[in-house]
$ cat start19.tsv   # TSV, C-alpha atoms and all ligand atoms
chain	number	residue	atom	x	y	z
A	8	MET	CA	9.08	-8.60	-21.74
A	9	ILE	CA	9.66	-6.97	-18.35
A	10	PRO	CA	6.50	-5.75	-16.60
A	11	VAL	CA	6.52	-3.32	-13.68
A	12	THR	CA	5.69	-6.17	-11.34
A	13	LYS	CA	4.81	-9.87	-11.17
A	14	PRO	CA	2.87	-11.65	-8.44
A	15	TYR	CA	4.97	-13.79	-6.12
A	16	LEU	CA	4.23	-17.44	-6.80
A	17	PRO	CA	4.06	-19.57	-3.66
A	18	ASN	CA	5.33	-23.13	-3.59
A	19	LYS	CA	2.64	-24.99	-5.54
A	20	HIS	CA	3.04	-28.17	-3.54
A	21	LEU	CA	2.41	-26.31	-0.29
A	22	TYR	CA	-0.54	-24.49	-1.82
A	23	LYS	CA	-1.98	-27.86	-2.92
A	24	GLN	CA	-1.72	-29.17	0.62
A	25	TYR	CA	-3.90	-26.30	1.79
A	26	ILE	CA	-6.30	-26.89	-1.11
A	27	ASP	CA	-6.56	-30.57	-0.14
A	28	GLN	CA	-7.52	-29.48	3.37
A	29	ILE	CA	-10.22	-27.23	1.93
A	30	TRP	CA	-11.54	-30.11	-0.20
A	31	ASP	CA	-11.56	-32.45	2.78
A	32	ARG	CA	-13.49	-29.97	4.90
A	33	GLN	CA	-15.66	-28.68	2.05
A	34	TRP	CA	-15.46	-25.32	3.77
A	35	PHE	CA	-14.75	-22.52	1.32
A	36	THR	CA	-15.60	-19.31	3.13
A	37	ASN	CA	-17.24	-17.78	6.24
A	38	HIS	CA	-14.39	-17.66	8.76
A	39	GLY	CA	-12.88	-21.05	8.12
A	40	PRO	CA	-9.77	-22.41	9.81
A	41	LEU	CA	-7.32	-21.07	7.18
A	42	VAL	CA	-8.68	-17.53	7.48
A	43	THR	CA	-8.39	-17.85	11.26
A	44	GLU	CA	-4.82	-19.13	10.95
A	45	LEU	CA	-3.81	-16.29	8.65
A	46	GLU	CA	-5.42	-13.71	10.96
A	47	LYS	CA	-3.48	-15.12	13.89
A	48	LYS	CA	-0.22	-14.84	11.95
A	49	LEU	CA	-1.06	-11.29	10.83
A	50	ALA	CA	-1.89	-10.14	14.36
A	51	GLU	CA	1.39	-11.56	15.63
A	52	PHE	CA	3.38	-10.11	12.72
A	53	SER	CA	1.85	-6.63	13.20
A	54	GLY	CA	2.08	-6.63	16.98
A	55	ARG	CA	-1.60	-5.69	17.13
A	56	LYS	CA	-4.41	-7.17	19.18
A	57	TYR	CA	-6.73	-7.56	16.22
A	58	ALA	CA	-6.25	-8.44	12.55
A	59	PHE	CA	-9.26	-8.94	10.28
A	60	PHE	CA	-8.67	-10.58	6.90
A	61	VAL	CA	-10.99	-8.83	4.43
A	62	ALA	CA	-11.90	-9.13	0.75
A	63	ASN	CA	-9.57	-6.33	-0.38
A	64	GLY	CA	-7.84	-3.23	0.89
A	65	THR	CA	-10.51	-0.88	-0.47
A	66	ILE	CA	-13.36	-2.50	1.46
A	67	GLY	CA	-10.97	-2.44	4.45
A	68	LEU	CA	-10.70	1.34	4.15
A	69	GLN	CA	-14.46	1.74	3.75
A	70	ILE	CA	-15.26	-0.46	6.74
A	71	SER	CA	-12.69	1.46	8.79
A	72	ILE	CA	-14.29	4.81	7.97
A	73	LYS	CA	-17.71	3.36	8.90
A	74	ALA	CA	-16.45	1.69	12.06
A	75	LEU	CA	-15.04	5.00	13.34
A	76	ASN	CA	-18.30	6.67	12.31
A	77	LEU	CA	-16.39	9.38	10.47
A	78	LYS	CA	-18.31	12.31	9.06
A	79	GLU	CA	-17.61	15.53	7.19
A	80	GLU	CA	-13.96	16.31	6.47
A	81	ILE	CA	-11.09	13.84	6.37
A	82	ILE	CA	-7.61	15.13	5.72
A	83	THR	CA	-5.74	12.90	3.31
A	84	THR	CA	-2.83	12.66	0.91
A	85	PRO	CA	-3.17	13.56	-2.77
A	86	PHE	CA	-0.27	11.27	-3.66
A	87	SER	CA	-1.57	7.72	-3.39
A	88	TYR	CA	-3.61	5.15	-5.25
A	89	VAL	CA	-7.17	6.25	-6.09
A	90	ALA	CA	-8.70	3.94	-3.43
A	91	THR	CA	-7.45	6.19	-0.62
A	92	THR	CA	-9.62	9.08	-1.84
A	93	SER	CA	-12.46	7.14	-3.44
A	94	SER	CA	-13.16	5.29	-0.15
A	95	ILE	CA	-13.61	8.62	1.62
A	96	VAL	CA	-16.02	9.93	-1.01
A	97	TRP	CA	-17.82	6.55	-1.15
A	98	GLU	CA	-18.48	6.85	2.58
A	99	ASN	CA	-19.98	10.31	2.06
A	100	CYS	CA	-17.12	12.20	3.64
A	101	LYS	CA	-15.18	15.05	2.09
A	102	PRO	CA	-11.50	14.50	1.29
A	103	VAL	CA	-9.41	17.53	2.15
A	104	PHE	CA	-5.93	17.28	0.71
A	105	ALA	CA	-2.76	18.16	2.55
A	106	ASP	CA	0.18	18.35	0.17
A	107	ILE	CA	3.16	16.02	0.43
A	108	ASP	CA	6.64	16.43	1.82
A	109	PRO	CA	9.04	16.93	-1.11
A	110	LEU	CA	11.64	14.57	0.37
A	111	THR	CA	9.61	11.59	1.64
A	112	TRP	CA	6.68	12.07	-0.79
A	113	ASN	CA	4.35	11.28	2.14
A	114	ILE	CA	1.67	13.62	3.53
A	115	SER	CA	3.29	16.62	5.24
A	116	PRO	CA	2.35	17.10	8.92
A	117	LYS	CA	2.72	20.87	8.51
A	118	GLU	CA	0.22	20.84	5.65
A	119	ILE	CA	-2.17	18.69	7.72
A	120	GLU	CA	-2.21	21.36	10.43
A	121	LYS	CA	-3.12	24.04	7.92
A	122	LYS	CA	-6.13	22.05	6.71
A	123	ILE	CA	-7.78	21.35	10.06
A	124	THR	CA	-11.23	22.94	10.52
A	125	LYS	CA	-14.11	22.41	12.97
A	126	LYS	CA	-15.44	19.79	10.58
A	127	THR	CA	-12.30	17.64	10.47
A	128	THR	CA	-12.86	14.19	11.96
A	129	ALA	CA	-9.84	12.16	10.86
A	130	ILE	CA	-6.58	11.87	8.98
A	131	ILE	CA	-6.12	9.14	6.37
A	132	ALA	CA	-2.47	8.94	5.38
A	133	THR	CA	-0.69	6.49	3.07
A	134	HIS	CA	2.77	5.06	3.70
A	135	ILE	CA	3.56	5.58	0.07
A	136	TYR	CA	5.72	2.86	-1.57
A	137	GLY	CA	6.10	1.29	1.90
A	138	ASN	CA	7.99	4.37	3.06
A	139	PRO	CA	6.92	5.32	6.62
A	140	CYS	CA	4.91	8.51	7.19
A	141	ASP	CA	6.03	10.81	9.99
A	142	VAL	CA	3.82	8.80	12.36
A	143	GLU	CA	4.93	10.66	15.49
A	144	ALA	CA	4.13	14.12	14.15
A	145	ILE	CA	0.81	12.89	12.77
A	146	GLU	CA	-0.11	11.29	16.09
A	147	LYS	CA	0.68	14.49	17.93
A	148	ILE	CA	-1.56	16.55	15.62
A	149	ALA	CA	-4.36	13.98	15.94
A	150	LYS	CA	-4.19	14.01	19.74
A	151	GLN	CA	-4.19	17.80	19.96
A	152	ASN	CA	-7.19	18.07	17.66
A	153	ASN	CA	-9.09	14.98	18.74
A	154	LEU	CA	-8.88	13.29	15.35
A	155	TYR	CA	-8.77	9.64	14.39
A	156	ILE	CA	-5.92	8.29	12.27
A	157	ILE	CA	-6.33	5.62	9.63
A	158	TYR	CA	-3.22	4.52	7.78
A	159	ASP	CA	-3.58	3.25	4.28
A	160	ALA	CA	-0.83	0.69	4.79
A	161	ALA	CA	-1.50	-1.03	1.45
A	162	HIS	CA	2.22	-0.90	0.57
A	163	ALA	CA	3.58	-1.41	4.05
A	164	PHE	CA	4.01	-5.14	4.63
A	165	GLY	CA	7.37	-5.54	6.39
A	166	SER	CA	8.07	-1.81	6.67
A	167	THR	CA	8.83	-0.58	10.18
A	168	TYR	CA	9.20	2.54	12.27
A	169	LYS	CA	11.30	2.33	15.45
A	170	GLY	CA	11.33	-1.43	15.07
A	171	LYS	CA	7.55	-1.81	14.96
A	172	SER	CA	5.51	-2.84	11.93
A	173	LEU	CA	3.77	0.08	10.23
A	174	TYR	CA	0.59	-1.94	10.70
A	175	ALA	CA	0.93	-1.11	14.41
A	176	TYR	CA	0.40	2.65	13.93
A	177	GLY	CA	-2.85	4.61	13.81
A	178	ASP	CA	-6.23	3.88	15.35
A	179	ILE	CA	-6.60	1.58	12.36
A	180	ALA	CA	-4.15	0.45	9.70
A	181	VAL	CA	-5.40	-1.14	6.50
A	182	ALA	CA	-3.33	-3.52	4.39
A	183	SER	CA	-3.86	-4.67	0.81
A	184	PHE	CA	-2.91	-8.18	-0.25
A	185	HIS	CA	-3.67	-7.66	-3.92
A	186	ALA	CA	-1.56	-9.85	-6.22
A	187	THR	CA	0.70	-6.91	-7.10
A	188	LYS	CA	1.61	-6.27	-3.47
A	189	LEU	CA	4.76	-7.60	-1.80
A	190	PHE	CA	2.78	-10.09	0.31
A	191	HIS	CA	-0.48	-11.16	-1.28
A	192	THR	CA	-3.49	-13.45	-1.28
A	193	ALA	CA	-4.44	-12.79	-4.96
A	194	GLU	CA	-7.17	-10.45	-3.68
A	195	GLY	CA	-7.37	-9.48	-0.03
A	196	GLY	CA	-6.59	-7.04	2.69
A	197	ALA	CA	-6.57	-6.64	6.44
A	198	ILE	CA	-7.79	-4.24	9.11
A	199	PHE	CA	-5.50	-3.86	12.14
A	200	CYS	CA	-6.41	-2.23	15.44
A	201	ASP	CA	-5.96	-2.54	19.22
A	202	ASN	CA	-9.16	-0.98	20.52
A	203	GLU	CA	-11.76	-3.56	21.51
A	204	ALA	CA	-14.79	-1.39	20.72
A	205	ILE	CA	-13.46	-0.61	17.23
A	206	ALA	CA	-12.63	-4.29	16.66
A	207	HIS	CA	-16.13	-5.23	17.74
A	208	ARG	CA	-17.68	-2.93	15.14
A	209	VAL	CA	-15.31	-4.07	12.39
A	210	SER	CA	-16.00	-7.74	13.10
A	211	TYR	CA	-19.76	-7.26	12.63
A	212	MET	CA	-19.51	-4.80	9.77
A	213	ARG	CA	-17.41	-7.08	7.59
A	214	ASN	CA	-20.00	-9.86	7.91
A	215	PHE	CA	-23.30	-8.16	7.00
A	216	GLY	CA	-23.83	-7.18	10.64
A	217	HIS	CA	-24.76	-10.81	11.39
A	218	ASN	CA	-25.07	-11.65	15.06
A	219	GLY	CA	-25.60	-15.38	14.71
A	220	GLN	CA	-27.83	-16.81	11.98
A	221	GLU	CA	-31.03	-15.05	12.87
A	222	ALA	CA	-30.12	-11.71	14.41
A	223	PHE	CA	-28.34	-8.55	13.35
A	224	TRP	CA	-26.07	-6.30	15.35
A	225	GLY	CA	-26.48	-3.41	12.89
A	226	LEU	CA	-25.53	-2.34	9.38
A	227	GLY	CA	-22.84	-4.37	7.66
A	228	ILE	CA	-21.48	-5.35	4.28
A	229	ASN	CA	-19.79	-8.42	2.80
A	230	GLY	CA	-16.14	-7.72	3.51
A	231	LYS	CA	-14.96	-11.22	4.39
A	232	ASN	CA	-12.46	-13.28	2.46
A	233	SER	CA	-12.26	-16.97	1.54
A	234	GLU	CA	-10.28	-20.06	2.50
A	235	LEU	CA	-8.79	-20.20	-1.01
A	236	HIS	CA	-7.36	-16.71	-0.67
A	237	ALA	CA	-6.10	-17.39	2.84
A	238	ALA	CA	-4.38	-20.51	1.46
A	239	ILE	CA	-2.28	-18.42	-0.93
A	240	GLY	CA	-1.21	-16.17	1.94
A	241	LEU	CA	-0.34	-19.14	4.14
A	242	ALA	CA	1.63	-20.75	1.31
A	243	ILE	CA	3.63	-17.53	0.84
A	244	TRP	CA	4.14	-16.99	4.58
A	245	PRO	CA	7.27	-19.18	4.96
A	246	ASP	CA	8.95	-17.14	2.20
A	247	ILE	CA	8.40	-13.70	3.74
A	248	GLU	CA	11.99	-13.14	4.91
A	249	LYS	CA	13.32	-14.23	1.55
A	250	ILE	CA	10.92	-11.90	-0.31
A	251	LEU	CA	11.80	-8.89	1.88
A	252	LEU	CA	15.51	-9.52	1.46
A	253	LYS	CA	15.20	-9.84	-2.29
A	254	ARG	CA	13.28	-6.56	-2.58
A	255	LYS	CA	15.97	-4.80	-0.62
A	256	GLU	CA	18.70	-6.31	-2.81
A	257	ILE	CA	16.88	-5.22	-5.95
A	258	TYR	CA	16.56	-1.71	-4.56
A	259	LYS	CA	20.24	-1.57	-3.64
A	260	THR	CA	21.27	-2.84	-7.06
A	261	TYR	CA	19.18	-0.17	-8.78
A	262	PHE	CA	20.45	2.47	-6.37
A	263	ASN	CA	24.09	1.64	-7.03
A	264	PHE	CA	23.61	1.64	-10.80
A	265	LEU	CA	21.55	4.84	-10.63
A	266	TYR	CA	23.86	6.63	-8.21
A	267	PRO	CA	25.66	8.78	-10.82
A	268	LEU	CA	22.29	10.11	-12.00
A	269	ILE	CA	21.12	10.76	-8.44
A	270	LYS	CA	24.34	12.56	-7.61
A	271	ASN	CA	23.92	14.80	-10.63
A	272	ASN	CA	20.30	15.58	-9.72
A	273	LEU	CA	18.94	13.99	-12.88
A	274	ILE	CA	16.68	11.78	-10.81
A	275	GLN	CA	15.52	11.65	-7.20
A	276	MET	CA	14.29	8.84	-5.00
A	277	PRO	CA	12.19	9.17	-1.83
A	278	VAL	CA	13.97	9.69	1.48
A	279	VAL	CA	13.20	7.41	4.44
A	280	ILE	CA	12.77	9.21	7.78
A	281	ASP	CA	15.09	8.52	10.73
A	282	GLY	CA	13.90	5.45	12.60
A	283	GLY	CA	12.06	4.18	9.54
A	284	ASN	CA	12.66	1.16	7.35
A	285	SER	CA	11.11	0.74	3.94
A	286	ASN	CA	10.21	-2.64	2.46
A	287	TYR	CA	11.28	-1.25	-0.96
A	288	SER	CA	8.23	-2.74	-2.60
A	289	TYR	CA	8.31	-0.14	-5.37
A	290	LEU	CA	11.06	1.54	-7.33
A	291	PRO	CA	9.91	5.09	-7.98
A	292	ILE	CA	12.19	7.61	-9.63
A	293	LEU	CA	11.41	11.30	-9.98
A	294	LEU	CA	12.61	12.77	-13.26
A	295	ARG	CA	13.23	16.46	-13.94
A	296	THR	CA	10.31	16.97	-16.31
A	297	GLU	CA	7.29	15.13	-17.66
A	298	GLU	CA	8.85	15.33	-21.12
A	299	GLU	CA	11.88	13.40	-19.91
A	300	LEU	CA	9.55	10.85	-18.38
A	301	LEU	CA	7.56	10.35	-21.59
A	302	LYS	CA	10.74	10.06	-23.61
A	303	LEU	CA	12.19	7.48	-21.23
A	304	ARG	CA	8.96	5.50	-21.15
A	305	GLU	CA	8.86	5.44	-24.94
A	306	LEU	CA	12.42	4.13	-25.08
A	307	MET	CA	11.59	1.46	-22.52
A	308	HIS	CA	8.46	0.37	-24.37
A	309	MET	CA	10.52	-0.06	-27.52
A	310	ASN	CA	12.65	-2.46	-25.50
A	311	GLN	CA	9.67	-4.39	-24.08
A	312	ILE	CA	10.10	-2.89	-20.61
A	313	TYR	CA	6.93	-1.58	-19.01
A	314	PRO	CA	7.41	0.82	-16.09
A	315	ARG	CA	4.25	2.45	-14.68
A	316	ARG	CA	3.24	5.96	-13.75
A	317	TYR	CA	2.44	5.31	-10.09
A	318	PHE	CA	0.78	7.53	-8.98
A	319	TYR	CA	-0.71	9.61	-11.74
A	320	PRO	CA	-2.76	11.76	-11.77
A	321	SER	CA	-2.54	13.49	-8.40
A	322	LEU	CA	-5.74	12.61	-6.51
A	323	SER	CA	-6.42	16.33	-6.02
A	324	LYS	CA	-7.29	16.36	-9.73
A	325	LEU	CA	-9.82	13.51	-9.72
A	326	PRO	CA	-13.03	14.51	-11.52
A	327	TYR	CA	-15.08	14.22	-8.32
A	328	VAL	CA	-12.80	16.43	-6.24
A	329	ASN	CA	-11.02	19.58	-7.28
A	330	GLU	CA	-8.32	20.93	-5.11
A	331	THR	CA	-4.82	22.21	-5.63
A	332	CYS	CA	-1.70	20.53	-4.25
A	333	PRO	CA	1.28	21.90	-6.18
A	334	ILE	CA	3.92	19.42	-5.01
A	335	SER	CA	1.76	16.33	-5.50
A	336	GLU	CA	0.59	17.56	-8.91
A	337	ASP	CA	4.13	18.28	-9.97
A	338	TYR	CA	5.57	15.00	-8.67
A	339	SER	CA	2.82	12.82	-10.07
A	340	LYS	CA	3.69	14.09	-13.56
A	341	ARG	CA	7.35	13.18	-13.11
A	342	VAL	CA	7.32	9.88	-11.20
A	343	LEU	CA	7.92	6.58	-12.91
A	344	CYS	CA	8.00	3.22	-11.11
A	345	LEU	CA	10.63	0.88	-12.46
A	346	PRO	CA	10.16	-2.90	-12.56
A	347	SER	CA	10.65	-4.70	-9.26
A	348	TYR	CA	9.64	-8.26	-8.48
A	349	PHE	CA	11.09	-11.37	-6.90
A	350	THR	CA	12.45	-12.95	-10.08
A	351	LEU	CA	13.92	-9.77	-11.60
A	352	SER	CA	17.60	-10.40	-12.38
A	353	VAL	CA	20.60	-8.13	-11.93
A	354	GLU	CA	21.15	-8.29	-15.72
A	355	ASP	CA	17.65	-6.96	-16.30
A	356	ILE	CA	18.21	-4.16	-13.80
A	357	LYS	CA	21.43	-3.28	-15.59
A	358	ARG	CA	19.60	-3.21	-18.92
A	359	ILE	CA	16.89	-0.96	-17.49
A	360	VAL	CA	19.39	1.47	-15.99
A	361	ASP	CA	21.41	1.52	-19.22
A	362	LEU	CA	18.28	2.65	-21.03
A	363	ILE	CA	17.78	5.43	-18.49
A	364	LYS	CA	21.35	6.55	-19.05
A	365	LYS	CA	20.84	6.33	-22.80
A	366	SER	CA	17.78	8.55	-22.61
A	367	TYR	CA	20.00	11.14	-20.92
A	368	ASN	CA	22.72	10.59	-23.54
A	369	LEU	CA	25.06	9.37	-20.80
A	401	LIG	C1	-3.51	-1.39	-3.72
A	401	LIG	C2	-3.88	-0.18	-2.98
A	401	LIG	C3	-5.14	-0.01	-2.37
A	401	LIG	C4	-6.30	-0.91	-2.66
A	401	LIG	O1	-6.13	-2.21	-2.29
A	401	LIG	P1	-7.01	-3.34	-2.97
A	401	LIG	O2	-6.68	-4.54	-2.14
A	401	LIG	O3	-6.57	-3.48	-4.40
A	401	LIG	O4	-8.44	-2.94	-2.85
A	401	LIG	C5	-5.35	1.09	-1.55
A	401	LIG	N1	-4.40	2.01	-1.36
A	401	LIG	C6	-3.19	1.91	-1.95
A	401	LIG	C7	-2.17	2.96	-1.68
A	401	LIG	C8	-2.91	0.84	-2.81
A	401	LIG	O5	-1.73	0.77	-3.44

$ encode --input "start19.tsv" --output "structure tokens" --more "lines below"
Ligand SMILES: *Cc1c(COP(=O)(O)O)cnc(C)c1O
Amino acid sequence: MIPVTKPYLPNKHLYKQYIDQIWDRQWFTNHGPLVTELEKKLAEFSGRKYAFFVANGTIGLQISIKALNLKEEIITTPFSYVATTSSIVWENCKPVFADIDPLTWNISPKEIEKKITKKTTAIIATHIYGNPCDVEAIEKIAKQNNLYIIYDAAHAFGSTYKGKSLYAYGDIAVASFHATKLFHTAEGGAIFCDNEAIAHRVSYMRNFGHNGQEAFWGLGINGKNSELHAAIGLAIWPDIEKILLKRKEIYKTYFNFLYPLIKNNLIQMPVVIDGGNSNYSYLPILLRTEEELLKLRELMHMNQIYPRRYFYPSLSKLPYVNETCPISEDYSKRVLCLPSYFTLSVEDIKRIVDLIKKSYNL
């Protein structure tokens, strides 16, 4: 059985050493030393002043929207995981969709400009599949129109633009460390920023607004994470380079095997912008039609291979929003993510690609 992904398993011995520390201290949560250590590593890795380890990426997005006091309309991408849009709606703002660029599959800066109104307060863009957004164009638009930028950087661990981590871009960048992500803490996420006032608000908001034991700064929620989750992240940390390299190798192997199909326009893969570097944490292919996709998926299922339709449906078609984004709606029907994880072998990749070729009678 080959699933679309598998969580990376850290060295158990190293994980146990962290667990022993937790047992010795009997300190499970509330900003313990392992959370602090992970936050220090994350801040350094991102090049940002502040990194807050939070319970998950979704609460990270919600806290970010609250911390920037965003209201009314937020321009966002229709091609992402549901949490990007649901967080906006959950925080009582209105998602306004700007369609995606057909080459990078990321939000199109030109489309963002078309959607700006007097009510727009921010842009929330996703670096989809770890592929960098056009951060320079987006920053320019935000500056000209006095808008905040939040990046949903859930896929972006290890991705860079002009040599800097994607976590370093935007007023705030939010990471997810869910078990399916390239770097993970089973459940978890992080909020990255440089601005002290924003950091101040985030730090209180993720901890119920507590200001000491008996006073409150203001409204907050429980967005913190535990020592046990931090321990998984710390146990994976020494393997980061190895994991990133492996993902790139897997991508290259697929790409080489798939090249004849790409050349003949049977399938497409997203383009990385100049200056950008993807972490290749996903392996999306765009087929010509939804029928071809369903046929291929059926063939794969018969062979115990389980690709996933990331990201389907287009968020513009969620039941609680209703907008039209032709490119996103078209692509989301035709995109299939192929298996990619640390222990996936070249033989398995070959088998998967052979099935793709078979479904095209090649
Ligand atoms: C995984 C993911 C999230 C949500 O992260 P969680 O940690 O699972 O809450 C948000 N946005 C995108 C694009 C994701 O892939």

$ residues_near_ligand --input "start19.tsv" --ligand "ligand LIG 401 (chain A)" --cutoff "10 Å" --atoms "only C-alpha atoms and all ligand atoms" --output "ChimeraX atom specification"
/A:61-68,86-94,132-137,158-163,181-188,191-197,317-318

$ write_last_selection --input "start19.tsv" --atoms "C-alpha atoms" --output "PDB file, in the coordinates of the input"
ATOM      1  CA  VAL A  61     -10.990  -8.830   4.430  1.00  0.00           C
ATOM      2  CA  ALA A  62     -11.900  -9.130   0.750  1.00  0.00           C
ATOM      3  CA  ASN A  63      -9.570  -6.330  -0.380  1.00  0.00           C
ATOM      4  CA  GLY A  64      -7.840  -3.230   0.890  1.00  0.00           C
ATOM      5  CA  THR A  65     -10.510  -0.880  -0.470  1.00  0.00           C
ATOM      6  CA  ILE A  66     -13.360  -2.500   1.460  1.00  0.00           C
ATOM      7  CA  GLY A  67     -10.970  -2.440   4.450  1.00  0.00           C
ATOM      8  CA  LEU A  68     -10.700   1.340   4.150  1.00  0.00           C
ATOM      9  CA  PHE A  86      -0.270  11.270  -3.660  1.00  0.00           C
ATOM     10  CA  SER A  87      -1.570   7.720  -3.390  1.00  0.00           C
ATOM     11  CA  TYR A  88      -3.610   5.150  -5.250  1.00  0.00           C
ATOM     12  CA  VAL A  89      -7.170   6.250  -6.090  1.00  0.00           C
ATOM     13  CA  ALA A  90      -8.700   3.940  -3.430  1.00  0.00           C
ATOM     14  CA  THR A  91      -7.450   6.190  -0.620  1.00  0.00           C
ATOM     15  CA  THR A  92      -9.620   9.080  -1.840  1.00  0.00           C
ATOM     16  CA  SER A  93     -12.460   7.140  -3.440  1.00  0.00           C
ATOM     17  CA  SER A  94     -13.160   5.290  -0.150  1.00  0.00           C
ATOM     18  CA  ALA A 132      -2.470   8.940   5.380  1.00  0.00           C
ATOM     19  CA  THR A 133      -0.690   6.490   3.070  1.00  0.00           C
ATOM     20  CA  HIS A 134       2.770   5.060   3.700  1.00  0.00           C
ATOM     21  CA  ILE A 135       3.560   5.580   0.070  1.00  0.00           C
ATOM     22  CA  TYR A 136       5.720   2.860  -1.570  1.00  0.00           C
ATOM     23  CA  GLY A 137       6.100   1.290   1.900  1.00  0.00           C
ATOM     24  CA  TYR A 158      -3.220   4.520   7.780  1.00  0.00           C
ATOM     25  CA  ASP A 159      -3.580   3.250   4.280  1.00  0.00           C
ATOM     26  CA  ALA A 160      -0.830   0.690   4.790  1.00  0.00           C
ATOM     27  CA  ALA A 161      -1.500  -1.030   1.450  1.00  0.00           C
ATOM     28  CA  HIS A 162       2.220  -0.900   0.570  1.00  0.00           C
ATOM     29  CA  ALA A 163       3.580  -1.410   4.050  1.00  0.00           C
ATOM     30  CA  VAL A 181      -5.400  -1.140   6.500  1.00  0.00           C
ATOM     31  CA  ALA A 182      -3.330  -3.520   4.390  1.00  0.00           C
ATOM     32  CA  SER A 183      -3.860  -4.670   0.810  1.00  0.00           C
ATOM     33  CA  PHE A 184      -2.910  -8.180  -0.250  1.00  0.00           C
ATOM     34  CA  HIS A 185      -3.670  -7.660  -3.920  1.00  0.00           C
ATOM     35  CA  ALA A 186      -1.560  -9.850  -6.220  1.00  0.00           C
ATOM     36  CA  THR A 187       0.700  -6.910  -7.100  1.00  0.00           C
ATOM     37  CA  LYS A 188       1.610  -6.270  -3.470  1.00  0.00           C
ATOM     38  CA  HIS A 191      -0.480 -11.160  -1.280  1.00  0.00           C
ATOM     39  CA  THR A 192      -3.490 -13.450  -1.280  1.00  0.00           C
ATOM     40  CA  ALA A 193      -4.440 -12.790  -4.960  1.00  0.00           C
ATOM     41  CA  GLU A 194      -7.170 -10.450  -3.680  1.00  0.00           C
ATOM     42  CA  GLY A 195      -7.370  -9.480  -0.030  1.00  0.00           C
ATOM     43  CA  GLY A 196      -6.590  -7.040   2.690  1.00  0.00           C
ATOM     44  CA  ALA A 197      -6.570  -6.640   6.440  1.00  0.00           C
ATOM     45  CA  TYR A 317       2.440   5.310 -10.090  1.00  0.00           C
ATOM     46  CA  PHE A 318       0.780   7.530  -8.980  1.00  0.00           C
TER      47      PHE A 318
END

$ closest_residue --input "start19.tsv" --among "A:Ile247, A:Ile356, A:Met8, A:Cys200" --to "Lys56 in chain A" --atoms "all atoms listed in the file"
A:Cys200

$ residues_around --input "start19.tsv" --residues "Phe215 in chain A" --least-positions-apart "3" --cutoff "7 Å" --atoms "all atoms listed in the file" --output "list of chain:residue names"
A:Tyr211, A:Met212, A:Leu226, A:Gly227, A:Ile228, A:Asn229

$ residues_around --input "start19.tsv" --residues "Asn37 in chain A" --least-positions-apart "6" --cutoff "12 Å" --atoms "all atoms listed in the file" --output "ChimeraX atom specification"
/A:43,60-62,213-215,217,229-235,237

$ closest_residue --input "start19.tsv" --among "A:Ile359, A:Leu45, A:Glu354, A:Pro277" --to "Met309 in chain A" --atoms "only C-alpha atoms"
A:Ile359

$ closest_residue --input "start19.tsv" --among "A:Leu189, A:Asn263, A:Phe223, A:Thr84" --to "Lys357 in chain A" --atoms "all atoms listed in the file"
A:Asn263

$ closest_residue --input "start19.tsv" --among "A:Ala129, A:Leu77, A:Ile123, A:Val209" --to "Phe59 in chain A" --atoms "only C-alpha atoms"
A:Val209

$ atom_distance --input "start19.tsv" --atom1 "CA of Pro40 in chain A" --atom2 "CA of Tyr174 in chain A"
23.0 Å

$ atom_distance --input "start19.tsv" --atom1 "CA of Val279 in chain A" --atom2 "CA of Ser166 in chain A"
10.8 Å

$ residues_around --input "start19.tsv" --residues "Lys78 in chain A" --least-positions-apart "2" --cutoff "8 Å" --atoms "all atoms listed in the file" --output "mmCIF file with C-alpha atoms, in the coordinates of the input"
data_model
loop_
_atom_site.group_PDB
_atom_site.id
_atom_site.type_symbol
_atom_site.label_atom_id
_atom_site.label_comp_id
_atom_site.auth_asym_id
_atom_site.auth_seq_id
_atom_site.Cartn_x
_atom_site.Cartn_y
_atom_site.Cartn_z
ATOM 1 C CA ASN A 76 -18.300 6.670 12.310
ATOM 2 C CA GLU A 80 -13.960 16.310 6.470
ATOM 3 C CA ILE A 81 -11.090 13.840 6.370
ATOM 4 C CA ASN A 99 -19.980 10.310 2.060
ATOM 5 C CA CYS A 100 -17.120 12.200 3.640
ATOM 6 C CA THR A 128 -12.860 14.190 11.960
#

$ residues_around --input "start19.tsv" --residues "Lys259 in chain A" --least-positions-apart "3" --cutoff "12 Å" --atoms "all atoms listed in the file" --output "PyMOL selection string"
chain A and resi 252-256+262-266+286-287+290+347+353+356

$ atom_distance --input "start19.tsv" --atom1 "CA of Glu203 in chain A" --atom2 "CA of Thr36 in chain A"
24.5 Å

$ residues_around --input "start19.tsv" --residues "Glu44 in chain A" --least-positions-apart "2" --cutoff "12 Å" --atoms "all atoms listed in the file" --output "ChimeraX atom specification"
/A:25,38-42,46-51,58-60,234,237-238,240-242,244

$ write_last_selection --input "start19.tsv" --atoms "C-alpha atoms" --output "compact mmCIF listing (two decimals), in the coordinates of the input"
# COMPACT_ATOMS: atom_id res chain seq x y z
CA TYR A 25 -3.90 -26.30 1.79
CA HIS A 38 -14.39 -17.66 8.76
CA GLY A 39 -12.88 -21.05 8.12
CA PRO A 40 -9.77 -22.41 9.81
CA LEU A 41 -7.32 -21.07 7.18
CA VAL A 42 -8.68 -17.53 7.48
CA GLU A 46 -5.42 -13.71 10.96
CA LYS A 47 -3.48 -15.12 13.89
CA LYS A 48 -0.22 -14.84 11.95
CA LEU A 49 -1.06 -11.29 10.83
CA ALA A 50 -1.89 -10.14 14.36
CA GLU A 51 1.39 -11.56 15.63
CA ALA A 58 -6.25 -8.44 12.55
CA PHE A 59 -9.26 -8.94 10.28
CA PHE A 60 -8.67 -10.58 6.90
CA GLU A 234 -10.28 -20.06 2.50
CA ALA A 237 -6.10 -17.39 2.84
CA ALA A 238 -4.38 -20.51 1.46
CA GLY A 240 -1.21 -16.17 1.94
CA LEU A 241 -0.34 -19.14 4.14
CA ALA A 242 1.63 -20.75 1.31
CA TRP A 244 4.14 -16.99 4.58
